[in-house]
>>> print(open('data22.csv').read())   # CSV, C-alpha atoms
chain,number,residue,atom,x,y,z
A,1,MET,CA,9.7,10.4,-60.6
A,2,SER,CA,8.0,9.7,-57.3
A,3,GLU,CA,9.2,8.4,-54.0
A,4,THR,CA,7.4,6.1,-51.6
A,5,LEU,CA,8.4,6.6,-48.0
A,6,ALA,CA,7.4,4.2,-45.3
A,7,ARG,CA,6.4,6.0,-42.1
A,8,PRO,CA,8.3,5.0,-39.1
A,9,GLY,CA,6.3,2.8,-36.7
A,10,LEU,CA,5.6,3.6,-33.1
A,11,ARG,CA,7.6,1.4,-30.7
A,12,VAL,CA,5.4,0.1,-27.9
A,13,ARG,CA,7.2,-1.8,-25.1
A,14,PRO,CA,5.8,-5.2,-24.1
A,15,ALA,CA,5.3,-3.9,-20.6
A,16,VAL,CA,2.6,-1.5,-21.9
A,17,TYR,CA,0.6,-4.4,-23.4
A,18,GLY,CA,1.2,-6.4,-20.2
A,19,GLY,CA,0.0,-3.6,-18.0
A,20,ALA,CA,-3.1,-3.0,-20.2
A,21,ALA,CA,-4.0,-6.8,-20.1
A,22,ALA,CA,-3.5,-6.9,-16.3
A,23,GLY,CA,-5.7,-3.8,-15.9
A,24,LEU,CA,-8.5,-5.4,-17.9
A,25,VAL,CA,-8.2,-8.6,-15.8
A,26,LEU,CA,-8.4,-6.7,-12.6
A,27,LEU,CA,-11.5,-4.8,-13.8
A,28,ALA,CA,-13.2,-8.0,-14.7
A,29,LEU,CA,-12.4,-10.0,-11.5
A,30,PRO,CA,-15.5,-8.9,-9.4
A,31,PHE,CA,-17.7,-10.6,-12.0
A,32,TYR,CA,-16.1,-14.0,-11.5
A,33,LEU,CA,-14.5,-14.3,-8.1
A,34,ASP,CA,-16.2,-15.0,-4.8
A,35,ARG,CA,-16.1,-12.8,-1.7
A,36,PHE,CA,-13.0,-14.4,-0.1
A,37,TRP,CA,-10.7,-13.7,-3.1
A,38,LEU,CA,-12.0,-10.1,-3.5
A,39,GLN,CA,-11.6,-9.4,0.2
A,40,ALA,CA,-8.0,-10.8,0.0
A,41,GLY,CA,-7.3,-8.6,-3.0
A,42,LEU,CA,-8.6,-5.5,-1.1
A,43,PHE,CA,-6.3,-6.3,1.9
A,44,ALA,CA,-3.4,-6.6,-0.6
A,45,MET,CA,-4.3,-3.2,-2.1
A,46,ALA,CA,-4.4,-1.6,1.3
A,47,ALA,CA,-1.1,-3.2,2.2
A,48,ALA,CA,0.4,-2.0,-1.0
A,49,LEU,CA,-0.6,1.6,-0.3
A,50,GLY,CA,0.9,1.5,3.2
A,51,ALA,CA,4.0,-0.1,1.8
A,52,ILE,CA,4.5,2.6,-0.8
A,53,GLY,CA,4.4,5.2,2.0
A,54,ILE,CA,7.0,3.5,4.2
A,55,ASN,CA,9.1,2.8,1.1
A,56,LEU,CA,9.3,6.5,0.4
A,57,LEU,CA,10.4,7.0,3.9
A,58,THR,CA,12.8,4.1,4.4
A,59,GLY,CA,13.7,2.9,0.9
A,60,ALA,CA,14.1,6.3,-0.8
A,61,THR,CA,15.2,8.6,2.1
A,62,GLY,CA,16.8,6.1,4.4
A,63,GLN,CA,14.7,6.8,7.5
A,64,LEU,CA,13.9,3.8,9.6
A,65,SER,CA,10.3,3.9,11.0
A,66,MET,CA,8.8,1.4,13.5
A,67,GLY,CA,5.6,3.4,14.0
A,68,HIS,CA,3.8,2.9,10.6
A,69,ALA,CA,1.0,1.0,12.3
A,70,PHE,CA,0.2,4.0,14.4
A,71,PHE,CA,-0.6,6.1,11.4
A,72,LEU,CA,-2.8,3.3,9.9
A,73,ALA,CA,-4.7,3.4,13.2
A,74,VAL,CA,-5.1,7.1,13.0
A,75,GLY,CA,-6.6,6.8,9.5
A,76,ALA,CA,-8.9,3.9,10.4
A,77,TYR,CA,-10.2,5.4,13.7
A,78,GLY,CA,-10.2,8.9,12.3
A,79,TYR,CA,-12.6,7.8,9.6
A,80,CYS,CA,-14.9,6.1,12.1
A,81,ALA,CA,-14.9,9.2,14.3
A,82,PHE,CA,-15.6,11.6,11.4
A,83,ALA,CA,-18.2,9.4,9.7
A,84,GLY,CA,-19.9,8.0,12.8
A,85,ASP,CA,-23.3,9.4,13.8
A,86,GLY,CA,-23.1,8.5,17.5
A,87,THR,CA,-26.0,6.1,17.5
A,88,ASP,CA,-23.6,3.3,18.8
A,89,GLY,CA,-22.8,5.4,21.9
A,90,LEU,CA,-19.4,6.4,20.5
A,91,ALA,CA,-18.1,9.8,19.5
A,92,GLY,CA,-18.9,10.7,15.9
A,93,LEU,CA,-19.4,13.9,13.8
A,94,GLY,CA,-21.7,12.3,11.2
A,95,LEU,CA,-19.9,13.8,8.2
A,96,PRO,CA,-20.4,12.4,4.7
A,97,GLY,CA,-18.2,9.3,4.1
A,98,TRP,CA,-16.1,10.9,1.4
A,99,LEU,CA,-15.3,13.9,3.5
A,100,ALA,CA,-14.6,11.7,6.5
A,101,ALA,CA,-12.1,9.7,4.5
A,102,VAL,CA,-10.3,12.9,3.3
A,103,LEU,CA,-10.2,14.3,6.8
A,104,ALA,CA,-8.9,11.0,8.2
A,105,VAL,CA,-6.0,11.0,5.7
A,106,ALA,CA,-5.3,14.7,6.6
A,107,LEU,CA,-5.4,13.8,10.3
A,108,ALA,CA,-2.8,11.1,9.7
A,109,GLY,CA,-0.6,13.6,7.9
A,110,LEU,CA,-1.1,16.1,10.8
A,111,ALA,CA,0.0,13.4,13.2
A,112,GLY,CA,3.1,12.9,11.1
A,113,GLY,CA,3.6,16.6,11.0
A,114,VAL,CA,3.6,16.8,14.8
A,115,PHE,CA,6.3,14.2,14.8
A,116,SER,CA,8.2,15.5,11.8
A,117,PRO,CA,10.5,17.8,13.7
A,118,ILE,CA,11.9,14.7,15.5
A,119,ALA,CA,12.0,12.8,12.2
A,120,GLY,CA,13.9,15.7,10.5
A,121,ARG,CA,16.7,15.6,13.1
A,122,LEU,CA,17.1,11.9,13.8
A,123,HIS,CA,18.2,9.1,11.5
A,124,GLY,CA,18.9,5.4,11.5
A,125,ALA,CA,18.3,3.4,14.7
A,126,TYR,CA,17.6,6.5,16.7
A,127,LEU,CA,14.6,7.4,14.6
A,128,GLY,CA,13.4,3.8,14.7
A,129,ILE,CA,13.5,3.8,18.5
A,130,ALA,CA,11.7,7.2,18.6
A,131,THR,CA,8.9,6.0,16.3
A,132,LEU,CA,8.6,2.9,18.4
A,133,ALA,CA,7.1,5.1,21.1
A,134,LEU,CA,4.2,5.9,18.8
A,135,ILE,CA,3.1,2.2,18.9
A,136,PHE,CA,3.0,2.2,22.7
A,137,ILE,CA,1.2,5.5,22.8
A,138,GLY,CA,-1.3,4.5,20.1
A,139,GLN,CA,-2.0,1.1,21.8
A,140,HIS,CA,-2.7,2.8,25.1
A,141,VAL,CA,-5.1,5.3,23.6
A,142,LEU,CA,-6.9,2.7,21.5
A,143,PHE,CA,-7.5,0.4,24.5
A,144,ASN,CA,-8.5,3.1,27.0
A,145,ALA,CA,-10.3,5.9,25.0
A,146,HIS,CA,-13.6,3.9,25.1
A,147,ASP,CA,-15.8,6.8,24.0
A,148,LEU,CA,-13.7,7.3,20.9
A,149,THR,CA,-12.4,3.9,19.9
A,150,GLY,CA,-14.7,1.4,21.7
A,151,GLY,CA,-11.9,-0.1,23.7
A,152,TYR,CA,-10.9,-3.7,23.4
A,153,ASN,CA,-14.0,-4.5,21.2
A,154,GLY,CA,-13.3,-1.8,18.7
A,155,ARG,CA,-16.0,0.0,16.8
A,156,ALA,CA,-18.1,-0.6,13.7
A,157,VAL,CA,-17.1,1.2,10.5
A,158,PRO,CA,-19.7,3.4,8.8
A,159,PRO,CA,-20.1,2.6,5.1
A,160,LEU,CA,-18.6,5.0,2.6
A,161,SER,CA,-20.9,6.8,0.2
A,162,LEU,CA,-19.6,8.6,-2.9
A,163,PHE,CA,-21.6,10.4,-5.6
A,164,GLY,CA,-24.8,8.7,-4.3
A,165,LEU,CA,-23.2,5.2,-4.4
A,166,ALA,CA,-23.1,3.5,-1.0
A,167,PHE,CA,-20.3,1.0,-0.5
A,168,ASP,CA,-22.4,-1.3,1.7
A,169,ASP,CA,-24.0,-4.7,1.3
A,170,SER,CA,-27.1,-3.3,-0.5
A,171,GLU,CA,-27.1,-5.1,-3.8
A,172,LEU,CA,-26.4,-3.3,-7.1
A,173,LEU,CA,-26.9,-5.2,-10.3
A,174,VAL,CA,-24.2,-4.8,-12.9
A,175,ALA,CA,-24.6,-6.9,-16.0
A,176,GLN,CA,-26.9,-9.2,-14.0
A,177,VAL,CA,-24.2,-9.7,-11.4
A,178,PRO,CA,-25.1,-8.6,-7.8
A,179,PHE,CA,-22.5,-6.2,-6.5
A,180,GLY,CA,-22.2,-6.0,-2.7
A,181,ALA,CA,-19.8,-4.0,-0.5
A,182,VAL,CA,-16.7,-6.0,-1.5
A,183,GLU,CA,-17.3,-5.7,-5.2
A,184,LYS,CA,-17.9,-2.0,-5.0
A,185,LEU,CA,-14.9,-1.4,-2.8
A,186,TRP,CA,-12.8,-3.4,-5.3
A,187,TYR,CA,-12.9,-0.6,-7.9
A,188,LEU,CA,-12.4,2.1,-5.2
A,189,GLY,CA,-9.3,0.2,-4.1
A,190,LEU,CA,-8.0,-0.1,-7.6
A,191,ALA,CA,-8.5,3.7,-8.2
A,192,LEU,CA,-6.7,4.6,-4.9
A,193,LEU,CA,-3.8,2.2,-5.6
A,194,LEU,CA,-3.3,3.5,-9.1
A,195,GLY,CA,-3.4,7.1,-7.9
A,196,GLY,CA,-0.9,6.2,-5.1
A,197,VAL,CA,1.5,4.5,-7.5
A,198,LEU,CA,1.4,7.3,-10.0
A,199,PHE,CA,1.9,10.0,-7.4
A,200,ALA,CA,4.8,8.2,-5.7
A,201,ARG,CA,6.5,7.5,-9.1
A,202,GLY,CA,6.2,11.2,-9.9
A,203,VAL,CA,7.8,12.2,-6.6
A,204,LEU,CA,10.7,9.7,-7.0
A,205,ARG,CA,11.4,10.7,-10.6
A,206,GLY,CA,11.4,14.4,-10.0
A,207,ARG,CA,13.6,16.8,-8.0
A,208,PRO,CA,12.2,15.7,-4.7
A,209,GLY,CA,13.1,12.1,-5.4
A,210,ARG,CA,16.7,13.0,-6.4
A,211,ALA,CA,17.0,15.0,-3.2
A,212,MET,CA,15.6,12.0,-1.1
A,213,ASN,CA,18.1,9.6,-2.7
A,214,ALA,CA,21.0,12.0,-2.1
A,215,ILE,CA,20.0,12.3,1.6
A,216,ARG,CA,19.8,8.5,1.8
A,217,ASP,CA,23.2,7.9,0.2
A,218,HIS,CA,25.1,10.7,1.9
A,219,ARG,CA,23.2,13.2,4.0
A,220,ILE,CA,26.3,15.3,4.8
A,221,ALA,CA,27.2,15.7,1.1
A,222,ALA,CA,23.5,16.4,0.4
A,223,GLY,CA,23.6,19.3,2.9
A,224,VAL,CA,26.8,20.6,1.4
A,225,MET,CA,25.1,20.7,-2.0
A,226,GLY,CA,22.4,22.9,-0.6
A,227,ILE,CA,19.6,20.3,0.0
A,228,PRO,CA,17.6,21.2,3.2
A,229,VAL,CA,18.0,17.8,4.8
A,230,ALA,CA,15.8,18.3,7.8
A,231,ARG,CA,13.0,19.8,5.8
A,232,HIS,CA,13.0,17.0,3.2
A,233,ARG,CA,13.0,14.4,5.9
A,234,ALA,CA,10.1,16.0,7.7
A,235,ALA,CA,8.1,16.4,4.5
A,236,VAL,CA,8.7,12.7,3.5
A,237,PHE,CA,7.6,11.6,7.0
A,238,VAL,CA,4.3,13.6,6.6
A,239,LEU,CA,3.7,12.1,3.1
A,240,SER,CA,4.4,8.6,4.4
A,241,SER,CA,2.0,9.1,7.2
A,242,MET,CA,-0.7,10.2,4.7
A,243,TYR,CA,-0.2,7.0,2.7
A,244,ALA,CA,-0.5,5.0,5.9
A,245,GLY,CA,-3.7,6.9,6.8
A,246,LEU,CA,-5.2,6.1,3.4
A,247,ALA,CA,-4.3,2.5,3.8
A,248,GLY,CA,-6.0,2.5,7.3
A,249,VAL,CA,-9.2,4.0,5.8
A,250,LEU,CA,-9.3,1.3,3.2
A,251,LEU,CA,-8.6,-1.5,5.7
A,252,ALA,CA,-11.4,-0.2,8.0
A,253,LEU,CA,-13.9,-0.2,5.1
A,254,VAL,CA,-12.9,-3.8,4.2
A,255,PHE,CA,-12.9,-5.1,7.7
A,256,GLN,CA,-16.1,-3.2,8.6
A,257,ARG,CA,-14.8,-3.1,12.2
A,258,THR,CA,-11.6,-1.6,13.8
A,259,VAL,CA,-9.8,-3.7,16.4
A,260,PRO,CA,-7.0,-2.1,18.5
A,261,GLU,CA,-4.9,-5.4,18.6
A,262,TYR,CA,-4.4,-5.3,14.8
A,263,PHE,CA,-2.5,-2.0,14.9
A,264,GLY,CA,0.4,-3.2,17.0
A,265,MET,CA,4.1,-3.9,16.6
A,266,ALA,CA,3.6,-6.9,14.4
A,267,LEU,CA,1.9,-4.8,11.8
A,268,SER,CA,4.8,-2.4,11.6
A,269,LEU,CA,7.3,-5.2,11.3
A,270,GLU,CA,5.2,-6.7,8.5
A,271,TYR,CA,5.4,-3.4,6.5
A,272,LEU,CA,9.2,-3.4,6.9
A,273,ALA,CA,9.2,-7.0,5.6
A,274,MET,CA,7.1,-5.8,2.6
A,275,ILE,CA,9.6,-3.2,1.4
A,276,VAL,CA,12.6,-5.4,2.0
A,277,ILE,CA,11.1,-8.3,0.1
A,278,GLY,CA,9.7,-6.1,-2.7
A,279,GLY,CA,12.8,-3.9,-3.0
A,280,LEU,CA,13.8,-0.7,-1.2
A,281,GLY,CA,13.2,2.5,-3.1
A,282,SER,CA,11.0,0.9,-5.7
A,283,VAL,CA,7.3,1.7,-6.0
A,284,ALA,CA,6.6,-1.5,-8.0
A,285,GLY,CA,8.6,-3.5,-5.4
A,286,ALA,CA,6.5,-2.0,-2.6
A,287,VAL,CA,3.3,-3.1,-4.3
A,288,ALA,CA,4.8,-6.6,-4.9
A,289,GLY,CA,6.0,-6.9,-1.3
A,290,GLY,CA,2.6,-5.7,0.1
A,291,VAL,CA,0.7,-8.3,-2.0
A,292,PHE,CA,3.1,-11.1,-1.0
A,293,VAL,CA,3.0,-10.4,2.7
A,294,SER,CA,-0.7,-9.7,3.0
A,295,LEU,CA,-1.9,-12.6,0.8
A,296,LEU,CA,0.4,-15.3,2.4
A,297,PRO,CA,-1.5,-15.8,5.7
A,298,GLN,CA,-4.9,-15.7,4.0
A,299,LEU,CA,-3.9,-18.4,1.5
A,300,LEU,CA,-2.5,-20.5,4.3
A,301,THR,CA,-5.7,-20.1,6.2
A,302,ARG,CA,-7.8,-21.0,3.1
A,303,TYR,CA,-5.8,-24.1,2.4
A,304,SER,CA,-4.7,-25.1,5.9
A,305,ASP,CA,-6.5,-28.5,5.6
A,306,ALA,CA,-4.4,-29.5,2.6
A,307,LEU,CA,-1.0,-28.2,3.8
A,308,PRO,CA,1.4,-30.2,6.0
A,309,LEU,CA,2.2,-28.8,9.5
A,310,VAL,CA,-0.4,-26.0,9.1
A,311,SER,CA,-3.7,-26.3,10.8
A,312,ALA,CA,-6.6,-24.0,11.7
A,313,PRO,CA,-6.2,-21.8,14.7
A,314,GLY,CA,-6.9,-23.6,18.0
A,315,THR,CA,-6.6,-27.1,16.6
A,316,GLY,CA,-2.9,-27.8,17.3
A,317,GLY,CA,0.0,-27.5,14.9
A,318,ILE,CA,1.2,-24.3,13.4
A,319,ALA,CA,-1.5,-21.6,12.9
A,320,PRO,CA,-1.6,-20.0,9.4
A,321,GLY,CA,-0.6,-16.6,10.7
A,322,GLU,CA,2.4,-18.0,12.5
A,323,ALA,CA,3.4,-20.0,9.5
A,324,ALA,CA,3.2,-17.0,7.3
A,325,ARG,CA,5.5,-15.0,9.6
A,326,TYR,CA,8.0,-17.9,9.4
A,327,LEU,CA,7.8,-17.9,5.6
A,328,TYR,CA,8.2,-14.2,4.9
A,329,GLY,CA,10.8,-14.0,7.7
A,330,ALA,CA,12.8,-16.5,5.7
A,331,ALA,CA,12.0,-14.5,2.5
A,332,VAL,CA,13.6,-11.4,4.1
A,333,VAL,CA,16.8,-13.4,5.0
A,334,ALA,CA,16.9,-14.8,1.5
A,335,VAL,CA,16.5,-11.4,-0.2
A,336,VAL,CA,19.1,-9.8,2.0
A,337,LEU,CA,21.6,-12.6,1.3
A,338,PHE,CA,21.0,-13.6,-2.3
A,339,LEU,CA,18.8,-10.9,-4.0
A,340,PRO,CA,19.7,-7.4,-2.9
A,341,GLY,CA,17.0,-5.1,-4.4
A,342,GLY,CA,14.2,-7.6,-3.8
A,343,LEU,CA,11.5,-8.7,-6.2
A,344,ALA,CA,11.9,-5.4,-8.2
A,345,ARG,CA,15.5,-6.3,-9.0
A,346,LEU,CA,14.5,-9.9,-10.0
A,347,ALA,CA,12.0,-8.5,-12.4
A,348,ALA,CA,14.6,-6.1,-13.9
A,349,ARG,CA,17.0,-9.1,-14.5
A,350,THR,CA,14.4,-10.9,-16.6
A,351,PRO,CA,15.7,-11.1,-20.2
A,352,ARG,CA,13.6,-9.2,-22.7
A,353,ALA,CA,12.8,-10.3,-26.2
A,354,PRO,CA,14.8,-8.4,-28.9
A,355,GLU,CA,13.0,-5.5,-30.4
A,356,THR,CA,12.1,-5.3,-34.0
A,357,PRO,CA,13.3,-2.3,-36.1
A,358,THR,CA,10.9,0.6,-35.7
A,359,SER,CA,11.6,2.3,-39.0
A,360,THR,CA,12.4,1.4,-42.6
A,361,GLU,CA,14.6,3.0,-45.2
A,362,PRO,CA,13.0,4.8,-48.1
A,363,SER,CA,11.8,2.4,-50.8
A,364,GLY,CA,13.3,2.3,-54.3
A,365,GLU,CA,12.3,4.9,-57.0
A,366,THR,CA,9.4,4.3,-59.4
A,367,ARG,CA,9.9,5.7,-62.8
>>> encode(input="data22.csv", output="structure tokens")
Amino acid sequence: MSETLARPGLRVRPAVYGGAAAGLVLLALPFYLDRFWLQAGLFAMAAALGAIGINLLTGATGQLSMGHAFFLAVGAYGYCAFAGDGTDGLAGLGLPGWLAAVLAVALAGLAGGVFSPIAGRLHGAYLGIATLALIFIGQHVLFNAHDLTGGYNGRAVPPLSLFGLAFDDSELLVAQVPFGAVEKLWYLGLALLLGGVLFARGVLRGRPGRAMNAIRDHRIAAGVMGIPVARHRAAVFVLSSMYAGLAGVLLALVFQRTVPEYFGMALSLEYLAMIVIGGLGSVAGAVAGGVFVSLLPQLLTRYSDALPLVSAPGTGGIAPGEAARYLYGAAVVAVVLFLPGGLARLAARTPRAPETPTSTEPSGETR
């Protein structure tokens, strides 16, 4: 007598297939899309990185920050200062691009570390007001430190080089498709975003994440349980600053020029809108919110001729950037009133298809 046993099948969730398909599509996009769409996607990646950082701070730990744009500026201008060779008359150390990018992120973290003793002891609106001072300080330095920042006109961004590959407009043929700076940066942006997402998810799912959520929900009870509240708050502030610095480096590489006006109060408010729309405390929500808020003004600019009430800047009517602020401002109100948890909660409510059985009973005997 022998028995035939069916081996249990491996259960693979549909999200795994969906993620793999989305990854393949993202890898193939530079072969088919023009420069506008790739550049818009890179802006969305940079926004998503910065949104993950402030979501760790505000969404997961409950610390309100109004100074996120300051740390983006530190990353962007830090990269220019480290990588610049001084031929444009501005200060520069002439370091390799990859080393300059690493040092720029570290510099943003150091700036966050300098402010972290204040962040560790303040919370709520008090911390928001304190971080607001960073915007005013940063704007004053950016506009007046001409030898370092270039003043009102900003400064050009040196191209990044990594493993002998220069992320500039020199053409590189890949499968008979010419790759310029935007196409090359696309894959760098994907790698940075994937690494940022995985690291943030690891932090939130581990002991640090549980401590952060406990501080957010009830800081006094967290202290009673033995969680060093001030130390965790300070550490998260530094981590959030480093995410912002990395986003600033990527933005600078895509823009190819840093402009002081960009790193103002409006940018910090946009990042707060990103995490509210996407979902506080959710890494996927931060990515979704960053993509939504960053792509909206670019799409309105692209299709301003075909949209009612929206017109190109300087031609009368509502400018695309202004219209975008109205729309995602309305989205913030709608999320707060009708969809607590943001887009991440909406995705979680989507009904899933029933799963098929993953194992079978032993078959009958054969005599």
>>> closest_residue(input="data22.csv", among="A:Tyr271, A:His140, A:Gly62, A:Ala230", to="A:Ala125", atoms="all atoms listed in the file")
A:Gly62
>>> atom_distance(input="data22.csv", atom1="atom CA of A:Leu148", atom2="atom CA of A:Leu267")
21.7 Å
>>> closest_residue(input="data22.csv", among="A:Phe179, A:Tyr243, A:Phe70, A:Phe36", to="A:Leu56", atoms="all atoms listed in the file")
A:Tyr243
>>> closest_residue(input="data22.csv", among="A:Gly154, A:Gly18, A:Gly248, A:Pro208", to="A:His232", atoms="all atoms listed in the file")
A:Pro208
>>> atom_distance(input="data22.csv", atom1="atom CA of A:Leu103", atom2="atom CA of A:Phe167")
18.2 Å
>>> residues_around(input="data22.csv", residues="stretch 272-278 of chain A", least_positions_apart="2", cutoff="6 Å", atoms="all atoms listed in the file", output="NGL selection string")
:A and (269-270 or 280 or 285-286 or 288-290 or 332 or 342-344)
>>> write_last_selection(input="data22.csv", atoms="C-alpha atoms", output="short mmCIF file (atom, residue, chain, number, x, y, z; two decimals), keeping the file's coordinate frame")
data_model
loop_
_atom_site.label_atom_id
_atom_site.label_comp_id
_atom_site.auth_asym_id
_atom_site.auth_seq_id
_atom_site.Cartn_x
_atom_site.Cartn_y
_atom_site.Cartn_z
CA LEU A 269 7.30 -5.20 11.30
CA GLU A 270 5.20 -6.70 8.50
CA LEU A 280 13.80 -0.70 -1.20
CA GLY A 285 8.60 -3.50 -5.40
CA ALA A 286 6.50 -2.00 -2.60
CA ALA A 288 4.80 -6.60 -4.90
CA GLY A 289 6.00 -6.90 -1.30
CA GLY A 290 2.60 -5.70 0.10
CA VAL A 332 13.60 -11.40 4.10
CA GLY A 342 14.20 -7.60 -3.80
CA LEU A 343 11.50 -8.70 -6.20
CA ALA A 344 11.90 -5.40 -8.20
#
>>> residues_around(input="data22.csv", residues="A:Asp85", least_positions_apart="6", cutoff="6 Å", atoms="only C-alpha atoms", output="PyMOL selection string")
chain A and resi 92-94
>>> atom_distance(input="data22.csv", atom1="atom CA of A:Tyr262", atom2="atom CA of A:Val238")
22.4 Å
>>> residues_around(input="data22.csv", residues="A:Thr61", least_positions_apart="2", cutoff="8 Å", atoms="only C-alpha atoms", output="PyMOL selection string")
chain A and resi 56-59+63+212-216+233+236
>>> residues_around(input="data22.csv", residues="A:Ser170", least_positions_apart="4", cutoff="12 Å", atoms="all atoms listed in the file", output="count of residues only")
11
>>> closest_residue(input="data22.csv", among="A:Leu90, A:Val254, A:Leu193, A:Ala111", to="A:Ala234", atoms="all atoms listed in the file")
A:Ala111
>>> closest_residue(input="data22.csv", among="A:Pro260, A:Pro308, A:Pro340, A:Gly23", to="A:Phe143", atoms="only C-alpha atoms")
A:Pro260
>>> residues_around(input="data22.csv", residues="stretch 28-31 of chain A", least_positions_apart="5", cutoff="8 Å", atoms="all atoms listed in the file", output="list in words")
Leu38, Val177, Glu183 and Trp186 of chain A
>>> write_last_selection(input="data22.csv", atoms="C-alpha atoms", output="CSV table (one decimal), in the coordinates of the input")
chain,number,residue,atom,x,y,z
A,38,LEU,CA,-12.0,-10.1,-3.5
A,177,VAL,CA,-24.2,-9.7,-11.4
A,183,GLU,CA,-17.3,-5.7,-5.2
A,186,TRP,CA,-12.8,-3.4,-5.3
